[in-house]
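Structure data follow from protein-v6.cif (mmCIF, C-alpha atoms):
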```
data_structure
loop_
_atom_site.group_PDB
_atom_site.id
_atom_site.type_symbol
_atom_site.label_atom_id
_atom_site.label_comp_id
_atom_site.auth_asym_id
_atom_site.auth_seq_id
_atom_site.Cartn_x
_atom_site.Cartn_y
_atom_site.Cartn_z
ATOM 1 C CA MET A 1 -70.301 -56.178 -23.550
ATOM 2 C CA ARG A 2 -68.475 -56.034 -20.207
ATOM 3 C CA MET A 3 -68.693 -59.813 -19.960
ATOM 4 C CA HIS A 4 -67.135 -60.067 -23.410
ATOM 5 C CA LEU A 5 -64.320 -57.713 -22.382
ATOM 6 C CA THR A 6 -63.671 -59.792 -19.257
ATOM 7 C CA PHE A 7 -63.610 -62.947 -21.378
ATOM 8 C CA VAL A 8 -61.034 -61.400 -23.724
ATOM 9 C CA ARG A 9 -58.847 -60.431 -20.804
ATOM 10 C CA VAL A 10 -59.075 -63.928 -19.341
ATOM 11 C CA LEU A 11 -58.066 -65.375 -22.709
ATOM 12 C CA ALA A 12 -55.099 -62.983 -22.871
ATOM 13 C CA VAL A 13 -53.901 -63.992 -19.397
ATOM 14 C CA PHE A 14 -54.396 -67.664 -20.250
ATOM 15 C CA ALA A 15 -52.425 -67.276 -23.492
ATOM 16 C CA LEU A 16 -49.633 -65.512 -21.627
ATOM 17 C CA ALA A 17 -49.478 -68.324 -19.052
ATOM 18 C CA LEU A 18 -49.292 -70.957 -21.801
ATOM 19 C CA THR A 19 -46.543 -69.032 -23.579
ATOM 20 C CA LEU A 20 -44.499 -68.655 -20.405
ATOM 21 C CA ALA A 21 -44.844 -72.356 -19.681
ATOM 22 C CA ALA A 22 -43.589 -73.174 -23.158
ATOM 23 C CA VAL A 23 -40.435 -71.036 -22.884
ATOM 24 C CA PRO A 24 -37.477 -73.426 -22.561
ATOM 25 C CA ALA A 25 -34.927 -73.022 -19.786
ATOM 26 C CA PRO A 26 -31.864 -71.077 -20.918
ATOM 27 C CA ALA A 27 -29.177 -73.373 -22.334
ATOM 28 C CA ALA A 28 -25.591 -73.152 -21.182
ATOM 29 C CA THR A 29 -23.277 -71.747 -23.860
ATOM 30 C CA ILE A 30 -19.584 -71.024 -24.378
ATOM 31 C CA THR A 31 -18.365 -69.027 -27.368
ATOM 32 C CA GLY A 32 -15.168 -67.109 -27.847
ATOM 33 C CA THR A 33 -12.385 -65.558 -29.861
ATOM 34 C CA THR A 34 -8.625 -66.082 -29.957
ATOM 35 C CA THR A 35 -6.014 -63.345 -30.369
ATOM 36 C CA ASN A 36 -2.337 -64.161 -30.745
ATOM 37 C CA LEU A 37 -0.078 -61.657 -28.989
ATOM 38 C CA SER A 38 2.691 -60.921 -31.479
ATOM 39 C CA THR A 39 4.467 -58.646 -28.994
ATOM 40 C CA VAL A 40 4.433 -58.091 -25.233
ATOM 41 C CA THR A 41 1.029 -56.544 -24.487
ATOM 42 C CA SER A 42 -0.271 -54.912 -21.303
ATOM 43 C CA PHE A 43 -3.789 -55.587 -19.981
ATOM 44 C CA ASP A 44 -5.705 -53.645 -17.323
ATOM 45 C CA LEU A 45 -7.036 -56.395 -15.044
ATOM 46 C CA THR A 46 -9.154 -53.962 -13.030
ATOM 47 C CA SER A 47 -10.998 -52.909 -16.188
ATOM 48 C CA LEU A 48 -11.380 -56.431 -17.586
ATOM 49 C CA GLY A 49 -12.223 -58.148 -14.297
ATOM 50 C CA HIS A 50 -15.087 -56.299 -12.620
ATOM 51 C CA ASP A 51 -16.112 -59.479 -10.759
ATOM 52 C CA ASP A 52 -12.710 -61.108 -10.352
ATOM 53 C CA TRP A 53 -9.215 -61.246 -11.804
ATOM 54 C CA ALA A 54 -6.005 -63.100 -11.018
ATOM 55 C CA TYR A 55 -2.509 -63.738 -12.308
ATOM 56 C CA TRP A 56 0.127 -66.353 -11.538
ATOM 57 C CA ASN A 57 3.760 -65.224 -11.331
ATOM 58 C CA THR A 58 6.599 -67.180 -9.760
ATOM 59 C CA THR A 59 10.236 -68.069 -10.330
ATOM 60 C CA ALA A 60 9.897 -71.184 -8.169
ATOM 61 C CA ALA A 61 11.293 -74.269 -9.892
ATOM 62 C CA SER A 62 8.651 -76.499 -8.302
ATOM 63 C CA GLY A 63 6.188 -76.865 -5.473
ATOM 64 C CA HIS A 64 4.087 -73.778 -6.158
ATOM 65 C CA SER A 65 0.707 -73.949 -4.400
ATOM 66 C CA GLY A 66 -1.268 -72.868 -7.460
ATOM 67 C CA ALA A 67 -2.916 -69.958 -5.642
ATOM 68 C CA PRO A 68 -2.920 -66.718 -7.657
ATOM 69 C CA THR A 69 -0.001 -64.398 -6.984
ATOM 70 C CA ASN A 70 -2.439 -61.496 -6.914
ATOM 71 C CA GLU A 71 -6.215 -61.205 -7.286
ATOM 72 C CA LYS A 72 -9.099 -58.770 -7.004
ATOM 73 C CA ASN A 73 -10.073 -57.617 -3.514
ATOM 74 C CA GLY A 74 -13.035 -59.446 -2.022
ATOM 75 C CA ALA A 75 -13.632 -61.781 -4.975
ATOM 76 C CA SER A 76 -13.194 -65.543 -5.129
ATOM 77 C CA LEU A 77 -14.630 -66.660 -8.472
ATOM 78 C CA ILE A 78 -11.233 -67.688 -9.885
ATOM 79 C CA ASN A 79 -9.786 -70.714 -8.110
ATOM 80 C CA SER A 80 -6.239 -72.027 -7.760
ATOM 81 C CA MET A 81 -4.280 -73.691 -10.567
ATOM 82 C CA SER A 82 -3.686 -77.444 -10.644
ATOM 83 C CA ILE A 83 -1.906 -80.005 -12.822
ATOM 84 C CA VAL A 84 -3.322 -81.936 -15.763
ATOM 85 C CA GLY A 85 -1.438 -85.199 -16.239
ATOM 86 C CA SER A 86 1.759 -85.496 -14.230
ATOM 87 C CA GLY A 87 4.295 -83.370 -12.394
ATOM 88 C CA THR A 88 3.911 -80.430 -10.030
ATOM 89 C CA LEU A 89 3.322 -76.732 -10.639
ATOM 90 C CA ARG A 90 6.229 -74.452 -11.402
ATOM 91 C CA GLY A 91 7.103 -71.082 -12.834
ATOM 92 C CA SER A 92 10.250 -70.009 -14.647
ATOM 93 C CA SER A 93 13.370 -68.126 -13.663
ATOM 94 C CA SER A 94 14.552 -67.803 -17.271
ATOM 95 C CA SER A 95 14.356 -64.628 -19.310
ATOM 96 C CA SER A 96 11.904 -66.313 -21.700
ATOM 97 C CA GLN A 97 8.570 -65.128 -20.293
ATOM 98 C CA PRO A 98 5.053 -65.021 -21.800
ATOM 99 C CA ARG A 99 3.868 -61.978 -23.750
ATOM 100 C CA ALA A 100 1.173 -60.783 -21.309
ATOM 101 C CA SER A 101 1.823 -57.961 -18.830
ATOM 102 C CA TYR A 102 -0.738 -56.738 -16.309
ATOM 103 C CA SER A 103 -1.701 -53.534 -14.519
ATOM 104 C CA PHE A 104 -4.260 -53.216 -11.713
ATOM 105 C CA THR A 105 -5.509 -50.849 -9.016
ATOM 106 C CA ASN A 106 -7.538 -53.111 -6.732
ATOM 107 C CA GLY A 107 -5.421 -56.181 -6.048
ATOM 108 C CA THR A 108 -4.735 -57.868 -2.721
ATOM 109 C CA SER A 109 -0.940 -57.904 -2.788
ATOM 110 C CA PRO A 110 -0.003 -55.187 -3.472
ATOM 111 C CA ALA A 111 -3.103 -52.962 -3.476
ATOM 112 C CA SER A 112 -2.126 -51.555 -6.862
ATOM 113 C CA GLY A 113 0.666 -51.856 -9.365
ATOM 114 C CA SER A 114 1.746 -53.876 -12.364
ATOM 115 C CA VAL A 115 3.645 -57.000 -13.335
ATOM 116 C CA ALA A 116 5.769 -57.156 -16.466
ATOM 117 C CA GLN A 117 5.413 -60.437 -18.362
ATOM 118 C CA ALA A 118 4.028 -62.731 -15.687
ATOM 119 C CA THR A 119 5.757 -66.124 -15.790
ATOM 120 C CA GLY A 120 2.505 -68.057 -15.356
ATOM 121 C CA LEU A 121 2.455 -71.691 -14.223
ATOM 122 C CA PHE A 122 3.156 -74.967 -16.003
ATOM 123 C CA SER A 123 4.191 -78.519 -15.124
ATOM 124 C CA THR A 124 7.616 -79.666 -13.970
ATOM 125 C CA VAL A 125 7.205 -82.492 -16.514
ATOM 126 C CA LEU A 126 8.307 -81.060 -19.871
ATOM 127 C CA ASP A 127 8.192 -82.399 -23.434
ATOM 128 C CA THR A 128 5.247 -84.692 -22.665
ATOM 129 C CA ASN A 129 1.848 -84.918 -24.331
ATOM 130 C CA GLY A 130 -1.182 -84.896 -22.023
ATOM 131 C CA VAL A 131 0.534 -82.652 -19.467
ATOM 132 C CA GLY A 132 -0.648 -79.141 -18.667
ATOM 133 C CA VAL A 133 -2.468 -76.931 -16.193
ATOM 134 C CA LYS A 134 -6.049 -76.026 -15.355
ATOM 135 C CA PHE A 135 -8.177 -73.904 -13.031
ATOM 136 C CA THR A 136 -11.878 -73.309 -12.468
ATOM 137 C CA ILE A 137 -14.167 -70.280 -12.266
ATOM 138 C CA THR A 138 -17.414 -70.384 -10.268
ATOM 139 C CA LEU A 139 -20.210 -68.397 -11.973
ATOM 140 C CA PRO A 140 -22.642 -67.299 -9.228
ATOM 141 C CA THR A 141 -25.657 -66.277 -11.331
ATOM 142 C CA VAL A 142 -27.395 -67.282 -14.573
ATOM 143 C CA ASP A 143 -26.001 -64.349 -16.541
ATOM 144 C CA THR A 144 -23.539 -63.983 -19.380
ATOM 145 C CA TYR A 145 -19.904 -63.547 -18.365
ATOM 146 C CA ILE A 146 -16.968 -62.223 -20.351
ATOM 147 C CA VAL A 147 -13.957 -64.312 -19.364
ATOM 148 C CA ASN A 148 -10.467 -63.370 -20.540
ATOM 149 C CA VAL A 149 -7.693 -65.956 -20.192
ATOM 150 C CA TRP A 150 -4.033 -65.623 -21.177
ATOM 151 C CA ALA A 151 -2.369 -68.923 -22.032
ATOM 152 C CA GLY A 152 0.312 -70.232 -24.352
ATOM 153 C CA VAL A 153 2.675 -72.957 -25.482
ATOM 154 C CA PHE A 154 6.446 -73.223 -25.765
ATOM 155 C CA GLY A 155 7.895 -75.651 -28.324
ATOM 156 C CA GLY A 156 4.960 -77.681 -29.601
ATOM 157 C CA THR A 157 1.157 -77.709 -29.744
ATOM 158 C CA ALA A 158 -1.190 -77.227 -26.802
ATOM 159 C CA THR A 159 -4.971 -77.310 -26.739
ATOM 160 C CA PHE A 160 -6.918 -74.668 -24.836
ATOM 161 C CA THR A 161 -10.284 -75.930 -23.555
ATOM 162 C CA ALA A 162 -13.133 -74.123 -21.771
ATOM 163 C CA SER A 163 -15.829 -76.546 -20.585
ATOM 164 C CA MET A 164 -18.967 -76.422 -18.439
ATOM 165 C CA THR A 165 -21.835 -78.812 -17.760
ATOM 166 C CA GLY A 166 -24.573 -78.452 -20.394
ATOM 167 C CA ALA A 167 -22.454 -76.424 -22.839
ATOM 168 C CA THR A 168 -20.454 -77.317 -25.933
ATOM 169 C CA SER A 169 -16.794 -76.831 -25.063
ATOM 170 C CA PHE A 170 -14.689 -74.104 -26.681
ATOM 171 C CA THR A 171 -11.321 -75.416 -27.892
ATOM 172 C CA ASN A 172 -8.315 -74.000 -29.711
ATOM 173 C CA ALA A 173 -5.084 -75.698 -30.804
ATOM 174 C CA PHE A 174 -2.043 -73.431 -30.531
ATOM 175 C CA THR A 175 1.292 -74.336 -32.154
ATOM 176 C CA ALA A 176 4.494 -72.410 -31.511
ATOM 177 C CA ALA A 177 8.260 -72.859 -31.475
ATOM 178 C CA ASN A 178 10.634 -72.153 -28.576
ATOM 179 C CA LEU A 179 10.463 -68.389 -28.963
ATOM 180 C CA THR A 180 11.383 -65.492 -26.697
ATOM 181 C CA PRO A 181 9.110 -64.048 -25.343
ATOM 182 C CA LYS A 182 6.929 -67.164 -25.057
ATOM 183 C CA PRO A 183 4.025 -67.284 -27.570
ATOM 184 C CA THR A 184 0.782 -66.340 -25.821
ATOM 185 C CA ASN A 185 -2.890 -66.126 -26.781
ATOM 186 C CA GLN A 186 -5.637 -63.996 -25.302
ATOM 187 C CA TYR A 187 -8.847 -66.058 -25.154
ATOM 188 C CA ARG A 188 -11.999 -63.932 -24.846
ATOM 189 C CA LEU A 189 -14.941 -66.128 -23.865
ATOM 190 C CA PHE A 190 -18.654 -65.412 -23.579
ATOM 191 C CA VAL A 191 -20.068 -67.868 -21.052
ATOM 192 C CA THR A 192 -23.677 -68.362 -19.933
ATOM 193 C CA PRO A 193 -24.400 -71.064 -17.326
ATOM 194 C CA ASP A 194 -27.831 -72.657 -16.971
ATOM 195 C CA ASN A 195 -27.609 -72.842 -13.168
ATOM 196 C CA ALA A 196 -26.249 -70.547 -10.482
ATOM 197 C CA ASN A 197 -22.780 -71.558 -9.234
ATOM 198 C CA ASP A 198 -21.993 -73.638 -12.322
ATOM 199 C CA VAL A 199 -18.254 -74.195 -12.727
ATOM 200 C CA LEU A 200 -16.271 -73.257 -15.823
ATOM 201 C CA THR A 201 -13.075 -75.311 -16.245
ATOM 202 C CA ILE A 202 -10.147 -73.824 -18.168
ATOM 203 C CA SER A 203 -7.193 -75.958 -19.250
ATOM 204 C CA MET A 204 -4.094 -75.732 -21.456
ATOM 205 C CA VAL A 205 -2.592 -79.134 -22.282
ATOM 206 C CA MET A 206 0.285 -80.307 -24.502
ATOM 207 C CA THR A 207 -0.921 -82.384 -27.460
ATOM 208 C CA ALA A 208 2.203 -82.432 -29.653
ATOM 209 C CA ASP A 209 5.783 -82.043 -28.455
ATOM 210 C CA ASN A 210 8.597 -80.600 -30.555
ATOM 211 C CA THR A 211 11.280 -82.921 -29.232
ATOM 212 C CA THR A 212 14.015 -81.336 -31.364
ATOM 213 C CA GLN A 213 13.820 -78.105 -29.372
ATOM 214 C CA GLY A 214 13.154 -79.381 -25.848
ATOM 215 C CA SER A 215 11.562 -77.805 -22.766
ATOM 216 C CA SER A 216 8.076 -77.752 -24.326
ATOM 217 C CA GLN A 217 5.314 -76.678 -21.970
ATOM 218 C CA ALA A 218 1.716 -75.447 -21.809
ATOM 219 C CA PHE A 219 1.116 -72.520 -19.456
ATOM 220 C CA ILE A 220 -1.523 -70.088 -18.149
ATOM 221 C CA THR A 221 -0.637 -66.640 -16.828
ATOM 222 C CA GLY A 222 -3.880 -64.826 -15.926
ATOM 223 C CA ALA A 223 -7.668 -64.515 -16.064
ATOM 224 C CA ALA A 224 -10.359 -61.848 -15.671
ATOM 225 C CA VAL A 225 -14.146 -62.186 -15.239
ATOM 226 C CA THR A 226 -16.912 -59.633 -15.819
ATOM 227 C CA GLY A 227 -20.613 -60.479 -15.554
ATOM 228 C CA ILE A 228 -23.251 -58.950 -17.835
ATOM 229 C CA PRO A 229 -26.785 -59.197 -16.352
ATOM 230 C CA THR A 230 -29.087 -60.875 -18.847
ATOM 231 C CA PRO A 231 -32.135 -58.650 -19.609
ATOM 232 C CA ALA A 232 -35.533 -60.286 -19.196
ATOM 233 C CA ALA A 233 -37.141 -60.829 -22.607
ATOM 234 C CA LEU A 234 -40.806 -61.109 -23.558
ATOM 235 C CA PRO A 235 -41.873 -64.671 -24.307
ATOM 236 C CA ALA A 236 -41.621 -65.739 -27.936
ATOM 237 C CA GLY A 237 -44.715 -64.754 -29.931
ATOM 238 C CA LEU A 238 -45.887 -62.181 -27.413
ATOM 239 C CA THR A 239 -45.243 -58.473 -28.006
ATOM 240 C CA LEU A 240 -46.405 -55.241 -26.456
ATOM 241 C CA LEU A 241 -48.310 -54.484 -29.662
ATOM 242 C CA SER A 242 -50.282 -57.731 -29.394
ATOM 243 C CA LEU A 243 -51.261 -56.903 -25.804
ATOM 244 C CA VAL A 244 -52.356 -53.415 -26.841
ATOM 245 C CA GLY A 245 -54.349 -54.925 -29.703
ATOM 246 C CA LEU A 246 -56.212 -57.241 -27.343
ATOM 247 C CA ARG A 247 -57.079 -54.338 -25.079
ATOM 248 C CA ARG A 248 -58.330 -52.158 -27.980
ATOM 249 C CA ARG A 249 -60.525 -54.942 -29.359
ATOM 250 C CA GLY A 250 -61.995 -55.405 -25.901
ATOM 251 C CA ARG A 251 -62.901 -51.717 -25.714
ATOM 252 C CA MET A 252 -64.576 -51.829 -29.139
ATOM 253 C CA HIS A 253 -66.873 -54.651 -27.955
ATOM 254 C CA ALA A 254 -67.635 -53.002 -24.586
#
```
This structure in structure tokens:
Amino acid sequence: MRMHLTFVRVLAVFALALTLAAVPAPAATITGTTTNLSTVTSFDLTSLGHDDWAYWNTTAASGHSGAPTNEKNGASLINSMSIVGSGTLRGSSSSSQPRASYSFTNGTSPASGSVAQATGLFSTVLDTNGVGVKFTITLPTVDTYIVNVWAGVFGGTATFTASMTGATSFTNAFTAANLTPKPTNQYRLFVTPDNANDVLTISMVMTADNTTQGSSQAFITGAAVTGIPTPAALPAGLTLLSLVGLRRRGRMHA
């Protein structure tokens, strides 16, 4: 009877090993939601960006480095902004600013505070399809991340894209007139990489220009990243009840 019990246990271990071997590697995924900000809305970057947050705010007409104006202390997941297409980075000195405002208590410059309607960054080349801005986020572990991005368009249509190797891209086309404050969306993404240090690329690019209004642009103002550790799951087809059942049957034959 003891030999039979041992045999059952060996079979259970063998079945578990086969099941584990058959479990596919986690696939990279990007899903998300889009919320249009109908009015100027304030967001707590410290709350939304446990791992990292950043915003871009400048009145420089051109030549901005693309580095965030302010970011979370000790974090470097969110990288600098760069151009898609042509031109150089710029902000805006006009009163027409995007509809996202930010508050924070753990930034680098200053240590705490707020910014009302960050200007964001866009290209010096206006009214041109294929022109926009982008930045990347490095995801250090194979977990799910909540990524908030604030981006918009002024006088035309721009396409927001979040892409990562191995995942189907998340896209959204946003059309708006030359309005004050500038039309802005909050993009809330759920991102799971399939390798540590995979890179998520975020872009906002003009795809249709409203030439009758002029000064069309695609812009990004801020981002926040919070990781959610992925709980380990039992392999498919194997449950605690099945393990208990194997053990009980072994005792009955002992």
Coordinates-based distance that separates CA of Thr39 (chain A) from CA of Gly132 (chain A) (Å, one decimal) =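 The value is 23.5 Å.
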ask   = How many Å separate CA of Ser94 (chain A) from CA of Thr201 (chain A)?
value =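 Computing it gives 28.6 Å between the two atoms.
For Asn36 (chain A), the list of residues within 9 Å, based on only C-alpha atoms and with local chain neighbours fewer than 2 positions off taken out, reads Thr34, Ser38, Thr39, Pro183, Thr184, Asn185, Gln186 and Tyr187 of chain A.
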query = Which one of A:Thr138, A:Ser215, A:Asn178, A:Asn129 sits closest to Leu77 (chain A) if you count all atoms listed in the file?
reply =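 Checking each of A:Thr138, A:Ser215, A:Asn178, A:Asn129 against Leu77 (chain A), counting all atoms listed in the file, the winner is A:Thr138.
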task = Write out as a ChimeraX atom specification the residues lying within 9 Å of Ala224 (chain A), counting all atoms listed in the file and excluding same-chain residues fewer than 4 positions away.
result = /A:45-55,78,146-149
inquiry  = Please compute the CA of Ala28 (chain A)-CA of Thr165 (chain A) distance, one decimal, in Å.
reply    = 7.6 Å
message = When the PyMOL selection byres ((chain A and resi 158) around 7) is applied to the structure above, which residues does it catch, written out as a PyMOL selection string?
response = chain A and resi 153+156-157+159-160+173-175+204-208+218
task = Might you pull out every residue within 9 Å of Pro181 (chain A), with all atoms listed in the file counted and same-chain residues fewer than 5 positions away left off, and present them as a ChimeraX atom specification?
result = /A:39-40,95-99,117
ask   = Which is closest to Gly63 (chain A) among A:Phe104, A:Phe135, A:Phe122, A:Phe219, if we use all atoms listed in the file?
value =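 Checking each of A:Phe104, A:Phe135, A:Phe122, A:Phe219 against Gly63 (chain A), counting all atoms listed in the file, the winner is A:Phe122.
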request  = Can you work out which one of A:Lys72, A:Thr180, A:Asn172, A:Val142 has the shortest atom-to-atom distance to Thr192 (chain A), counting all atoms listed in the file?
outcome  = A:Val142
query = Which of these, A:Pro110, A:Gly152, A:Pro193, A:Gly227, has the shortest distance to Asn73 (chain A) once you count all atoms listed in the file?
reply =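 That would be A:Pro110, the residue with the smallest distance to Asn73 (chain A).
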query = Of the candidates A:Thr33, A:Thr221, A:Ser203, A:Ser163, which one gets nearest to Val131 (chain A) if we count only C-alpha atoms?
reply =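 Comparing A:Thr33, A:Thr221, A:Ser203, A:Ser163 against Val131 (chain A), the winner is A:Ser203.
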inquiry  = Neighbouring residues of Asn197 (chain A) were defined as those with any atom within 8 Å, considering only C-alpha atoms; residues of the same chain fewer than 2 positions away were excluded. Please report them as a list in words.
reply    = Thr138, Leu139, Pro140, Thr141, Asn195 and Val199 of chain A
request  = Could you tell me which residues the PyMOL selection byres ((chain A and resi 89) around 8) returns for this structure, as an MDAnalysis selection string?
outcome  = chainID A and resid 62:66 82:83 87:88 90:91 121:124
key: Among the residues A:Asn70, A:Thr59, A:Ser86, A:Thr161, the one that comes closest to Asp127 (chain A) [using only C-alpha atoms]   =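 Residue with the minimum atom-to-atom distance to Asp127 (chain A): A:Ser86.
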ask   = Quick one: residues within 7 Å of Ser42 (chain A), all atoms listed in the file counted, chain neighbours fewer than 2 positions away excluded, as a list in words?
value =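 Listing them by chain and then by number gives Val40, Asp44, Ala100, Ser101 and Tyr102 of chain A.
Picked by the PyMOL selection byres ((chain A and resi 30) around 6) from the coordinates shown: Thr29, Thr31, Phe190 and Val191 of chain A.
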Reconstructed N, CA, C and O atoms for region 75-95 of chain A, given as a short mmCIF file (atom, residue, chain, number, x, y, z; two decimals), in the frame of the given file:
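Once written, result_24.cif looks like this:
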```cif
data_model
loop_
_atom_site.label_atom_id
_atom_site.label_comp_id
_atom_site.auth_asym_id
_atom_site.auth_seq_id
_atom_site.Cartn_x
_atom_site.Cartn_y
_atom_site.Cartn_z
N ALA A 75 -13.02 -60.90 -3.99
CA ALA A 75 -13.63 -61.78 -4.97
C ALA A 75 -12.97 -63.15 -4.92
O ALA A 75 -11.80 -63.28 -4.59
N SER A 76 -13.74 -64.19 -5.21
CA SER A 76 -13.19 -65.54 -5.13
C SER A 76 -13.76 -66.44 -6.23
O SER A 76 -13.90 -67.64 -6.04
N LEU A 77 -14.08 -65.86 -7.38
CA LEU A 77 -14.63 -66.66 -8.47
C LEU A 77 -13.56 -67.52 -9.12
O LEU A 77 -13.82 -68.66 -9.52
N ILE A 78 -12.34 -66.98 -9.24
CA ILE A 78 -11.23 -67.69 -9.88
C ILE A 78 -10.50 -68.51 -8.83
O ILE A 78 -10.03 -67.98 -7.83
N ASN A 79 -10.40 -69.82 -9.08
CA ASN A 79 -9.79 -70.71 -8.11
C ASN A 79 -8.33 -71.02 -8.47
O ASN A 79 -7.84 -70.62 -9.52
N SER A 80 -7.66 -71.74 -7.59
CA SER A 80 -6.24 -72.03 -7.76
C SER A 80 -5.96 -72.91 -8.96
O SER A 80 -6.83 -73.65 -9.45
N MET A 81 -4.73 -72.87 -9.45
CA MET A 81 -4.28 -73.69 -10.57
C MET A 81 -3.94 -75.09 -10.07
O MET A 81 -3.53 -75.28 -8.92
N SER A 82 -4.10 -76.08 -10.96
CA SER A 82 -3.69 -77.44 -10.64
C SER A 82 -3.14 -78.10 -11.90
O SER A 82 -3.21 -77.56 -13.00
N ILE A 83 -2.57 -79.30 -11.74
CA ILE A 83 -1.91 -80.00 -12.82
C ILE A 83 -2.88 -80.87 -13.60
O ILE A 83 -3.80 -81.47 -13.04
N VAL A 84 -2.68 -80.93 -14.91
CA VAL A 84 -3.32 -81.94 -15.76
C VAL A 84 -2.23 -82.93 -16.14
O VAL A 84 -1.17 -82.53 -16.62
N GLY A 85 -2.46 -84.21 -15.93
CA GLY A 85 -1.44 -85.20 -16.24
C GLY A 85 -0.51 -85.43 -15.07
O GLY A 85 -0.95 -85.80 -13.98
N SER A 86 0.78 -85.19 -15.27
CA SER A 86 1.76 -85.50 -14.23
C SER A 86 2.62 -84.29 -13.90
O SER A 86 2.59 -83.27 -14.58
N GLY A 87 3.40 -84.43 -12.82
CA GLY A 87 4.30 -83.37 -12.39
C GLY A 87 3.70 -82.51 -11.30
O GLY A 87 2.64 -82.80 -10.75
N THR A 88 4.39 -81.43 -10.99
CA THR A 88 3.91 -80.43 -10.03
C THR A 88 3.98 -79.06 -10.69
O THR A 88 4.60 -78.89 -11.74
N LEU A 89 3.35 -78.08 -10.07
CA LEU A 89 3.32 -76.73 -10.64
C LEU A 89 4.67 -76.04 -10.48
O LEU A 89 5.36 -76.20 -9.47
N ARG A 90 5.01 -75.24 -11.48
CA ARG A 90 6.23 -74.45 -11.40
C ARG A 90 6.09 -73.20 -12.25
O ARG A 90 5.20 -73.10 -13.10
N GLY A 91 6.97 -72.25 -11.99
CA GLY A 91 7.10 -71.08 -12.83
C GLY A 91 8.44 -71.15 -13.54
O GLY A 91 8.99 -72.23 -13.74
N SER A 92 8.99 -70.01 -13.92
CA SER A 92 10.25 -70.01 -14.65
C SER A 92 11.13 -68.86 -14.18
O SER A 92 10.66 -67.74 -13.98
N SER A 93 12.41 -69.17 -14.02
CA SER A 93 13.37 -68.13 -13.66
C SER A 93 14.16 -67.65 -14.88
O SER A 93 15.05 -66.81 -14.76
N SER A 94 13.83 -68.19 -16.06
CA SER A 94 14.55 -67.80 -17.27
C SER A 94 14.04 -66.46 -17.79
O SER A 94 13.00 -65.95 -17.35
N SER A 95 14.77 -65.91 -18.74
CA SER A 95 14.36 -64.63 -19.31
C SER A 95 13.25 -64.80 -20.34
O SER A 95 12.68 -63.82 -20.81
#
```
